[in-house]
>>> print(open('final_24.txt').read())   # compact mmCIF, C-alpha atoms and all ligand atoms
# COMPACT_ATOMS: atom_id res chain seq x y z
CA MET A 1186 135.13 81.30 128.60
CA HIS A 1187 133.21 84.34 129.81
CA ILE A 1188 133.05 87.37 127.50
CA ILE A 1189 133.15 90.60 129.48
CA ASP A 1190 130.51 93.04 128.30
CA GLY A 1191 132.22 96.44 128.07
CA ILE A 1192 129.10 98.10 126.69
CA LYS A 1193 127.10 97.10 129.78
CA ILE A 1194 129.85 98.29 132.14
CA ALA A 1195 130.01 101.60 130.26
CA GLU A 1196 126.24 102.02 130.48
CA GLU A 1197 126.32 101.50 134.25
CA ILE A 1198 129.05 104.15 134.64
CA GLU A 1199 127.20 106.53 132.33
CA LYS A 1200 124.02 106.16 134.35
CA LYS A 1201 125.85 107.23 137.53
CA VAL A 1202 127.56 110.12 135.74
CA ARG A 1203 124.25 111.35 134.29
CA LYS A 1204 122.79 111.44 137.78
CA GLU A 1205 125.83 113.20 139.25
CA ALA A 1206 125.86 115.75 136.43
CA GLU A 1207 122.29 116.86 137.18
CA GLY A 1208 122.19 120.55 138.09
CA LYS A 1209 125.93 121.00 137.42
CA LYS A 1210 127.27 123.26 134.69
CA ILE A 1211 129.90 121.01 133.15
CA LYS A 1212 131.46 122.07 129.89
CA ILE A 1213 134.14 120.10 128.05
CA ALA A 1214 136.40 121.67 125.44
CA THR A 1215 138.19 119.41 122.97
CA ILE A 1216 140.98 120.26 120.56
CA VAL A 1217 141.32 118.19 117.39
CA VAL A 1218 144.24 118.84 115.05
CA GLY A 1219 144.70 117.48 111.55
CA GLU A 1220 142.60 115.17 109.46
CA SER A 1221 143.18 111.79 111.09
CA LYS A 1222 139.99 109.74 110.67
CA GLU A 1223 140.62 108.09 114.04
CA SER A 1224 140.98 111.37 115.85
CA ILE A 1225 137.78 112.83 114.36
CA LEU A 1226 135.87 109.59 115.09
CA PHE A 1227 136.98 109.50 118.76
CA ALA A 1228 136.08 113.19 119.20
CA LYS A 1229 132.61 112.56 117.75
CA LEU A 1230 132.07 109.50 120.00
CA LYS A 1231 133.00 111.59 123.04
CA GLU A 1232 130.68 114.43 121.93
CA LYS A 1233 127.79 111.95 121.73
CA ALA A 1234 128.62 110.69 125.23
CA PHE A 1235 128.83 114.27 126.62
CA LYS A 1236 125.40 114.93 125.13
CA ARG A 1237 123.91 111.74 126.61
CA VAL A 1238 124.96 112.69 130.16
CA GLY A 1239 123.98 116.36 129.85
CA PHE A 1240 127.41 118.03 129.59
CA ASP A 1241 127.85 121.12 127.47
CA TYR A 1242 130.76 120.81 125.04
CA GLU A 1243 132.67 122.47 122.24
CA THR A 1244 135.16 120.96 119.83
CA ILE A 1245 137.69 123.12 118.08
CA TYR A 1246 139.14 121.71 114.88
CA PHE A 1247 142.46 122.90 113.48
CA GLU A 1248 143.37 121.76 109.96
CA GLU A 1249 147.01 122.31 110.72
CA ALA A 1250 148.55 124.30 113.53
CA LYS A 1251 151.81 125.14 115.20
CA GLN A 1252 152.46 124.02 118.77
CA SER A 1253 152.34 127.64 119.98
CA LYS A 1254 148.88 128.18 118.45
CA ILE A 1255 147.43 125.15 120.25
CA GLU A 1256 149.15 126.17 123.48
CA ASN A 1257 147.46 129.60 123.19
CA GLU A 1258 144.10 127.89 122.69
CA VAL A 1259 144.72 125.77 125.81
CA LYS A 1260 145.53 128.93 127.76
CA LYS A 1261 142.24 130.51 126.68
CA MET A 1262 140.39 127.35 127.77
CA ASN A 1263 142.16 127.40 131.13
CA ASP A 1264 141.05 131.01 131.65
CA ASP A 1265 137.45 130.41 130.58
CA VAL A 1266 135.47 129.83 133.78
CA LYS A 1267 132.65 128.14 131.89
CA ILE A 1268 135.00 125.38 130.71
CA THR A 1269 135.43 122.72 133.40
CA GLY A 1270 137.31 120.09 131.39
CA ILE A 1271 139.80 120.13 128.52
CA ASN A 1272 141.05 117.36 126.28
CA ILE A 1273 143.41 117.17 123.34
CA GLN A 1274 142.34 114.42 121.01
CA LEU A 1275 144.88 111.80 119.96
CA PRO A 1276 146.35 110.94 117.54
CA LEU A 1277 147.92 114.32 116.84
CA PRO A 1278 150.01 115.20 113.78
CA LYS A 1279 153.59 114.01 114.41
CA LYS A 1280 155.12 117.49 114.55
CA LEU A 1281 153.07 118.36 117.66
CA ASN A 1282 154.31 117.35 121.11
CA TYR A 1283 151.36 115.97 123.10
CA ILE A 1284 153.12 115.92 126.47
CA ASN A 1285 154.16 119.56 126.11
CA LEU A 1286 150.56 120.44 125.30
CA VAL A 1287 148.99 118.61 128.25
CA LYS A 1288 151.56 120.25 130.53
CA LYS A 1289 149.84 123.55 129.66
CA ILE A 1290 146.35 122.32 130.66
CA ASP A 1291 145.25 123.38 134.13
CA ALA A 1292 145.74 120.06 136.01
CA LYS A 1293 142.25 120.38 137.51
CA LYS A 1294 140.71 120.61 134.02
CA ASP A 1295 142.82 117.77 132.57
CA ILE A 1296 140.09 115.19 131.99
CA GLU A 1297 142.50 112.82 130.19
CA GLY A 1298 144.60 112.63 133.37
CA MET A 1299 147.82 113.15 131.40
CA ASN A 1300 149.13 116.37 132.94
CA PRO A 1301 152.39 115.53 134.85
CA CYS A 1302 150.69 116.60 138.07
CA ASN A 1303 147.91 114.02 137.60
CA ILE A 1304 150.28 111.31 136.36
CA GLY A 1305 152.54 112.03 139.37
CA ASN A 1306 149.63 111.76 141.76
CA THR A 1307 148.58 108.47 140.16
CA LEU A 1308 152.14 107.15 140.66
CA LEU A 1309 151.96 108.11 144.34
CA GLY A 1310 148.63 106.34 144.79
CA ASN A 1311 146.51 109.53 144.85
CA GLU A 1312 144.28 108.45 142.01
CA ASN A 1313 142.22 111.56 141.36
CA ILE A 1314 142.23 112.16 137.63
CA VAL A 1315 143.62 108.95 136.15
CA PRO A 1316 144.45 108.41 132.44
CA CYS A 1317 141.31 107.12 130.75
CA THR A 1318 142.31 103.81 129.13
CA PRO A 1319 144.17 102.51 132.23
CA LYS A 1320 141.23 103.70 134.33
CA ALA A 1321 138.83 101.83 132.04
CA ILE A 1322 140.88 98.64 132.35
CA LEU A 1323 140.82 98.99 136.14
CA LYS A 1324 137.05 99.58 136.06
CA ILE A 1325 136.61 96.33 134.11
CA ILE A 1326 138.82 94.45 136.59
CA GLU A 1327 136.84 95.85 139.53
CA HIS A 1328 133.52 95.14 137.85
CA GLU A 1329 134.58 91.51 137.41
CA ASN A 1330 135.68 91.30 141.07
CA ILE A 1331 139.20 90.30 140.06
CA LYS A 1332 141.59 90.66 142.99
CA LEU A 1333 144.95 92.06 141.94
CA GLN A 1334 147.04 91.50 145.05
CA GLY A 1335 149.77 88.94 144.36
CA LYS A 1336 148.60 88.32 140.77
CA ASN A 1337 151.07 88.10 137.90
CA VAL A 1338 149.94 90.91 135.63
CA VAL A 1339 151.57 91.18 132.22
CA ILE A 1340 151.02 94.36 130.23
CA ILE A 1341 152.03 94.49 126.57
CA ASN A 1342 152.35 98.21 125.88
CA HIS A 1343 154.64 100.78 127.41
CA SER A 1344 153.17 103.97 125.99
CA ASN A 1345 152.64 107.06 128.13
CA ILE A 1346 148.86 106.86 127.77
CA VAL A 1347 148.34 103.13 128.36
CA GLY A 1348 151.13 100.88 129.65
CA LYS A 1349 153.05 103.15 132.01
CA PRO A 1350 150.08 104.55 133.99
CA LEU A 1351 148.42 101.12 133.94
CA ALA A 1352 151.51 99.57 135.54
CA MET A 1353 151.25 102.18 138.32
CA LEU A 1354 147.59 101.33 138.96
CA MET A 1355 148.46 97.63 139.16
CA LEU A 1356 151.41 98.27 141.51
CA ASN A 1357 149.20 100.47 143.71
CA ARG A 1358 147.11 97.31 144.19
CA ASN A 1359 150.07 95.01 144.97
CA ALA A 1360 150.11 93.05 141.72
CA THR A 1361 153.44 91.76 140.39
CA VAL A 1362 153.75 93.61 137.11
CA SER A 1363 155.73 92.90 133.93
CA VAL A 1364 155.62 95.55 131.22
CA CYS A 1365 156.51 94.24 127.74
CA HIS A 1366 157.12 96.07 124.46
CA VAL A 1367 158.84 95.64 121.10
CA PHE A 1368 162.27 95.30 122.73
CA THR A 1369 161.13 92.53 125.08
CA LYS A 1370 163.15 89.39 124.37
CA ASN A 1371 160.93 86.31 124.23
CA LEU A 1372 157.52 87.84 124.87
CA MET A 1373 155.98 84.40 125.32
CA GLU A 1374 158.16 83.72 128.37
CA TYR A 1375 156.27 86.56 130.12
CA THR A 1376 152.78 86.08 128.72
CA LYS A 1377 152.72 82.39 129.66
CA LYS A 1378 153.17 83.33 133.32
CA ALA A 1379 150.32 85.86 133.30
CA ASP A 1380 147.32 85.39 135.56
CA LEU A 1381 146.02 88.59 133.98
CA LEU A 1382 147.23 89.58 130.52
CA ILE A 1383 146.53 93.11 129.32
CA THR A 1384 147.49 93.79 125.75
CA ALA A 1385 147.32 97.00 123.71
CA THR A 1386 149.63 96.76 120.72
CA GLY A 1387 147.26 97.20 117.79
CA ILE A 1388 148.91 94.13 116.18
CA LYS A 1389 146.08 91.92 114.92
CA TRP A 1390 146.12 88.49 116.62
CA LEU A 1391 149.60 88.92 118.13
CA ILE A 1392 148.61 86.70 121.06
CA LYS A 1393 147.97 83.13 119.99
CA GLY A 1394 147.09 80.05 122.04
CA GLN A 1395 150.69 79.07 122.82
CA TYR A 1396 151.31 82.50 124.44
CA VAL A 1397 148.96 81.95 127.38
CA LYS A 1398 148.22 79.46 130.13
CA GLU A 1399 144.85 77.80 130.61
CA GLY A 1400 142.44 79.96 132.66
CA VAL A 1401 144.22 83.30 132.06
CA ILE A 1402 142.12 86.47 132.24
CA ILE A 1403 142.67 88.64 129.17
CA ILE A 1404 141.95 92.30 128.62
CA ASP A 1405 142.44 93.22 124.98
CA ALA A 1406 142.67 96.97 124.39
CA GLY A 1407 144.25 96.68 120.94
CA ILE A 1408 142.42 98.14 117.97
CA LYS A 1409 143.37 97.36 114.40
CA GLU A 1410 141.15 98.33 111.51
CA GLN A 1411 141.48 96.19 108.43
CA ASP A 1412 139.15 96.13 105.44
CA GLY A 1413 136.42 97.88 107.42
CA LYS A 1414 136.60 95.40 110.34
CA ILE A 1415 138.01 95.96 113.81
CA TYR A 1416 140.42 93.40 115.27
CA GLY A 1417 142.04 93.06 118.68
CA ASP A 1418 145.47 91.72 119.68
CA VAL A 1419 144.16 88.31 120.72
CA HIS A 1420 143.64 85.33 118.44
CA GLU A 1421 140.72 82.98 119.00
CA SER A 1422 143.14 80.19 119.99
CA ALA A 1423 144.26 82.28 123.01
CA ALA A 1424 140.73 83.48 123.78
CA LYS A 1425 139.60 79.83 124.01
CA LYS A 1426 142.15 79.16 126.78
CA SER A 1427 141.05 82.18 128.82
CA SER A 1428 138.58 82.10 131.69
CA ARG A 1429 137.40 85.63 130.80
CA ILE A 1430 138.19 88.05 128.03
CA THR A 1431 137.12 91.46 126.77
CA PRO A 1432 135.92 91.47 123.16
CA VAL A 1433 137.09 93.86 120.44
CA PRO A 1434 135.01 95.87 119.73
CA GLY A 1435 132.71 96.21 122.75
CA GLY A 1436 135.29 95.77 125.51
CA VAL A 1437 137.76 98.43 126.67
CA GLY A 1438 136.67 101.06 124.10
CA PRO A 1439 133.23 101.99 125.51
CA VAL A 1440 134.53 101.90 129.09
CA THR A 1441 137.31 104.32 128.10
CA ILE A 1442 134.71 106.84 126.96
CA ALA A 1443 132.75 106.31 130.18
CA SER A 1444 135.99 106.96 132.10
CA VAL A 1445 136.38 110.32 130.35
CA LEU A 1446 132.92 111.19 131.67
CA GLU A 1447 133.89 110.19 135.22
CA ASN A 1448 137.07 112.25 134.97
CA ALA A 1449 134.98 115.23 133.84
CA ILE A 1450 132.96 114.97 137.06
CA MET A 1451 136.21 114.72 139.05
CA SER A 1452 137.57 117.86 137.31
CA TYR A 1453 134.41 119.72 138.15
CA LYS A 1454 134.77 118.78 141.82
CA MET A 1455 138.48 119.63 141.88
CA LEU A 1456 137.67 123.09 140.57
CA GLY A 1457 135.65 123.48 143.74
CA LYS A 1458 132.38 123.73 141.89
CA ASN A 1459 129.41 122.27 143.67
CA SER A 1460 126.56 123.33 141.45
N1 LIG A 1501 140.30 100.64 123.59
C1 LIG A 1501 140.72 101.86 123.90
O1 LIG A 1501 140.03 102.63 124.53
C2 LIG A 1501 142.08 102.28 123.48
C3 LIG A 1501 142.66 103.45 123.97
C4 LIG A 1501 143.95 103.77 123.60
C5 LIG A 1501 144.62 102.95 122.71
N2 LIG A 1501 144.00 101.85 122.22
C6 LIG A 1501 144.66 100.95 121.26
O2 LIG A 1501 145.77 100.35 121.91
C7 LIG A 1501 146.82 100.19 121.00
C8 LIG A 1501 148.02 100.94 121.52
O3 LIG A 1501 147.76 102.32 121.62
P1 LIG A 1501 148.90 103.36 122.05
O4 LIG A 1501 148.36 104.72 121.81
O5 LIG A 1501 149.44 103.00 123.37
O6 LIG A 1501 149.93 103.05 120.86
P2 LIG A 1501 151.48 102.84 120.84
O7 LIG A 1501 152.14 103.95 121.52
O8 LIG A 1501 151.82 102.54 119.42
O9 LIG A 1501 151.67 101.54 121.73
C9 LIG A 1501 151.79 100.25 121.23
C10 LIG A 1501 152.58 99.46 122.24
O10 LIG A 1501 152.67 98.13 121.84
C11 LIG A 1501 154.03 97.73 121.81
N3 LIG A 1501 154.20 96.76 120.74
C12 LIG A 1501 153.94 96.92 119.43
N4 LIG A 1501 154.22 95.79 118.75
C13 LIG A 1501 154.64 94.89 119.66
C14 LIG A 1501 155.09 93.54 119.59
N5 LIG A 1501 155.16 92.90 118.40
N6 LIG A 1501 155.49 92.94 120.71
C15 LIG A 1501 155.44 93.58 121.91
N7 LIG A 1501 155.03 94.86 122.04
C16 LIG A 1501 154.64 95.50 120.92
C17 LIG A 1501 154.80 99.00 121.55
O11 LIG A 1501 156.12 98.91 121.98
P3 LIG A 1501 157.16 100.12 121.63
O12 LIG A 1501 156.67 101.32 122.39
O13 LIG A 1501 158.46 99.64 122.13
O14 LIG A 1501 157.08 100.33 120.16
C18 LIG A 1501 154.00 99.99 122.40
O15 LIG A 1501 154.39 99.95 123.75
C19 LIG A 1501 146.29 100.68 119.65
O16 LIG A 1501 145.75 99.60 118.94
C20 LIG A 1501 145.20 101.65 120.05
O17 LIG A 1501 144.23 101.78 119.04
C21 LIG A 1501 142.76 101.49 122.60
>>> encode(input="final_24.txt", output="structure tokens", more="lines below")
Ligand SMILES: NC(=O)c1ccc[n+]([C@@H]2O[C@H](COP(=O)([O-])OP(=O)(O)OC[C@H]3O[C@@H](n4cnc5c(N)ncnc54)[C@H](OP(=O)(O)O)[C@@H]3O)[C@@H](O)[C@H]2O)c1
Amino acid sequence: MHIIDGIKIAEEIEKKVRKEAEGKKIKIATIVVGESKESILFAKLKEKAFKRVGFDYETIYFEEAKQSKIENEVKKMNDDVKITGINIQLPLPKKLNYINLVKKIDAKKDIEGMNPCNIGNTLLGNENIVPCTPKAILKIIEHENIKLQGKNVVIINHSNIVGKPLAMLMLNRNATVSVCHVFTKNLMEYTKKADLLITATGIKWLIKGQYVKEGVIIIDAGIKEQDGKIYGDVHESAAKKSSRITPVPGGVGPVTIASVLENAIMSYKMLGKNS
């Protein structure tokens, strides 16, 4: 079993981004709403990454806010010529509608790739600004030289930010894709057929040995914090049967942050800025 080193892949991407960012005035604005520990932690991790590659950045924290107030903030960020990328940190408080917020972001500044224009382009195979976690998973697959054409790819997650855009990326590369979720009857029937299993449920050790075939490649994007430790979706008994697997932590997570950085460069270019 080969353990895929997400930290190393992220460092390689970061190195390229740092070089590309030289001499460019890139500024990322982030909106964080509420007091979710996760949300604040992710925003801080991104800030550190922006700093490492030489981006300017600002993070605006709202303790609590109405949808209209955040939408106004997004509008101001769209109009600010110094800001080249915008992101709204997830998770958001439940009463806010994320999709309606990203719709308001100028598609060229949408570094999370979640504006309907960017998602639509991704569906059509014009992968300009691609949602970050699916992009990270693709980066890992490419880094490992895994060919997708004709492969049975099973994705366990059908959220807007992970499973749905990821399925598009896989279809764009001629994989045969199954997308599973809580309503899937007999999950194991699908997972056992997977050449490549990508799971992102956040259910600790959901995937056990009997769920997978010998030699499967596994990408585990699940994150579950329990008693101060981070767990993925995949149990050791399944990991042992895999030919390669991403660890949790140190797998998809760091590459997701590196993908945000790449998207920020793409936004900058799409705005027509060259210096
Ligand atoms: N590593 C990274 O960079 C990264 C980035 C984003 C998210 N994540 C992690 O990925 C996980 C999912 O994130 P998300 O934002 O997509 O959350 P989400 O919307 O809650 O997605 C969870 C997905 O898993 C499915 N699911 C849950 N329990 C299942 C089960 N027992 N059997 C089959 N499917 C099941 C859900 O199906 P239903 O929709 O039908 O409920 C849903 O599609 C979380 O652990 C999150 O922390 C990691």
>>> residues_near_ligand(input="final_24.txt", ligand="ligand LIG 1501 (chain A)", cutoff="6 Å", atoms="only C-alpha atoms and all ligand atoms", output="compact mmCIF listing (two decimals) with C-alpha atoms, in the frame of the given file")
# COMPACT_ATOMS: atom_id res chain seq x y z
CA THR A 1318 142.31 103.81 129.13
CA ILE A 1341 152.03 94.49 126.57
CA ASN A 1342 152.35 98.21 125.88
CA HIS A 1343 154.64 100.78 127.41
CA SER A 1344 153.17 103.97 125.99
CA ILE A 1346 148.86 106.86 127.77
CA VAL A 1347 148.34 103.13 128.36
CA CYS A 1365 156.51 94.24 127.74
CA HIS A 1366 157.12 96.07 124.46
CA VAL A 1367 158.84 95.64 121.10
CA PHE A 1368 162.27 95.30 122.73
CA ALA A 1385 147.32 97.00 123.71
CA THR A 1386 149.63 96.76 120.72
CA GLY A 1387 147.26 97.20 117.79
CA ALA A 1406 142.67 96.97 124.39
CA GLY A 1407 144.25 96.68 120.94
CA ILE A 1408 142.42 98.14 117.97
CA LYS A 1409 143.37 97.36 114.40
CA VAL A 1437 137.76 98.43 126.67
CA GLY A 1438 136.67 101.06 124.10
CA THR A 1441 137.31 104.32 128.10
>>> closest_residue(input="final_24.txt", among="A:Leu1230, A:Val1419, A:Ile1325, A:Leu1286", to="Lys1193 in chain A", atoms="only C-alpha atoms")
A:Ile1325
>>> closest_atom_pairs(input="final_24.txt", of="range 1432-1453 of chain A", to="range 1289-1295 of chain A", cutoff="8 Å", atoms="all atoms listed in the file", output="tab-separated table")
residue	atom	partner	partner_atom	distance
A:Ala1449	CA	A:Lys1294	CA	7.9
A:Ser1452	CA	A:Lys1294	CA	5.3
A:Tyr1453	CA	A:Lys1294	CA	7.6
>>> atom_distance(input="final_24.txt", atom1="CA of Asn1303 in chain A", atom2="CA of Pro1350 in chain A")
10.4 Å
>>> closest_residue(input="final_24.txt", among="A:Ile1216, A:Met1451, A:Ile1273, A:Val1362", to="Glu1312 in chain A", atoms="only C-alpha atoms")
A:Met1451
>>> atom_distance(input="final_24.txt", atom1="CA of Ile1442 in chain A", atom2="CA of Ser1428 in chain A")
25.5 Å
>>> residues_around(input="final_24.txt", residues="range 1255-1261 of chain A", least_positions_apart="4", cutoff="12 Å", atoms="all atoms listed in the file", output="ChimeraX atom specification")
/A:1214-1219,1244-1251,1265-1268,1270-1274,1277,1281-1292,1294-1295
>>> residues_around(input="final_24.txt", residues="Glu1327 in chain A", least_positions_apart="4", cutoff="12 Å", atoms="only C-alpha atoms", output="MDAnalysis selection string")
chainID A and resid 1189 1194 1320:1323 1331:1333 1355 1358
>>> closest_residue(input="final_24.txt", among="A:Lys1209, A:Leu1275, A:Lys1236, A:His1187", to="Ser1221 in chain A", atoms="all atoms listed in the file")
A:Leu1275
>>> closest_residue(input="final_24.txt", among="A:Ala1228, A:Ile1402, A:Val1339, A:Ile1388", to="Tyr1242 in chain A", atoms="all atoms listed in the file")
A:Ala1228
>>> closest_residue(input="final_24.txt", among="A:Asn1337, A:Thr1431, A:Gln1411, A:Asn1311", to="Thr1376 in chain A", atoms="only C-alpha atoms")
A:Asn1337
>>> closest_residue(input="final_24.txt", among="A:Glu1220, A:Glu1421, A:Glu1374, A:Glu1207", to="Asp1241 in chain A", atoms="all atoms listed in the file")
A:Glu1207
>>> residues_around(input="final_24.txt", residues="Gly1400 in chain A", least_positions_apart="3", cutoff="12 Å", atoms="all atoms listed in the file", output="CSV table (one decimal) with C-alpha atoms, in the coordinates of the input")
chain,number,residue,atom,x,y,z
A,1186,MET,CA,135.1,81.3,128.6
A,1187,HIS,CA,133.2,84.3,129.8
A,1377,LYS,CA,152.7,82.4,129.7
A,1378,LYS,CA,153.2,83.3,133.3
A,1379,ALA,CA,150.3,85.9,133.3
A,1380,ASP,CA,147.3,85.4,135.6
A,1381,LEU,CA,146.0,88.6,134.0
A,1382,LEU,CA,147.2,89.6,130.5
A,1394,GLY,CA,147.1,80.0,122.0
A,1397,VAL,CA,149.0,82.0,127.4
A,1403,ILE,CA,142.7,88.6,129.2
A,1423,ALA,CA,144.3,82.3,123.0
A,1424,ALA,CA,140.7,83.5,123.8
A,1425,LYS,CA,139.6,79.8,124.0
A,1426,LYS,CA,142.2,79.2,126.8
A,1427,SER,CA,141.0,82.2,128.8
A,1428,SER,CA,138.6,82.1,131.7
A,1429,ARG,CA,137.4,85.6,130.8
A,1430,ILE,CA,138.2,88.0,128.0
>>> atom_distance(input="final_24.txt", atom1="CA of Glu1199 in chain A", atom2="CA of Ile1304 in chain A")
23.9 Å
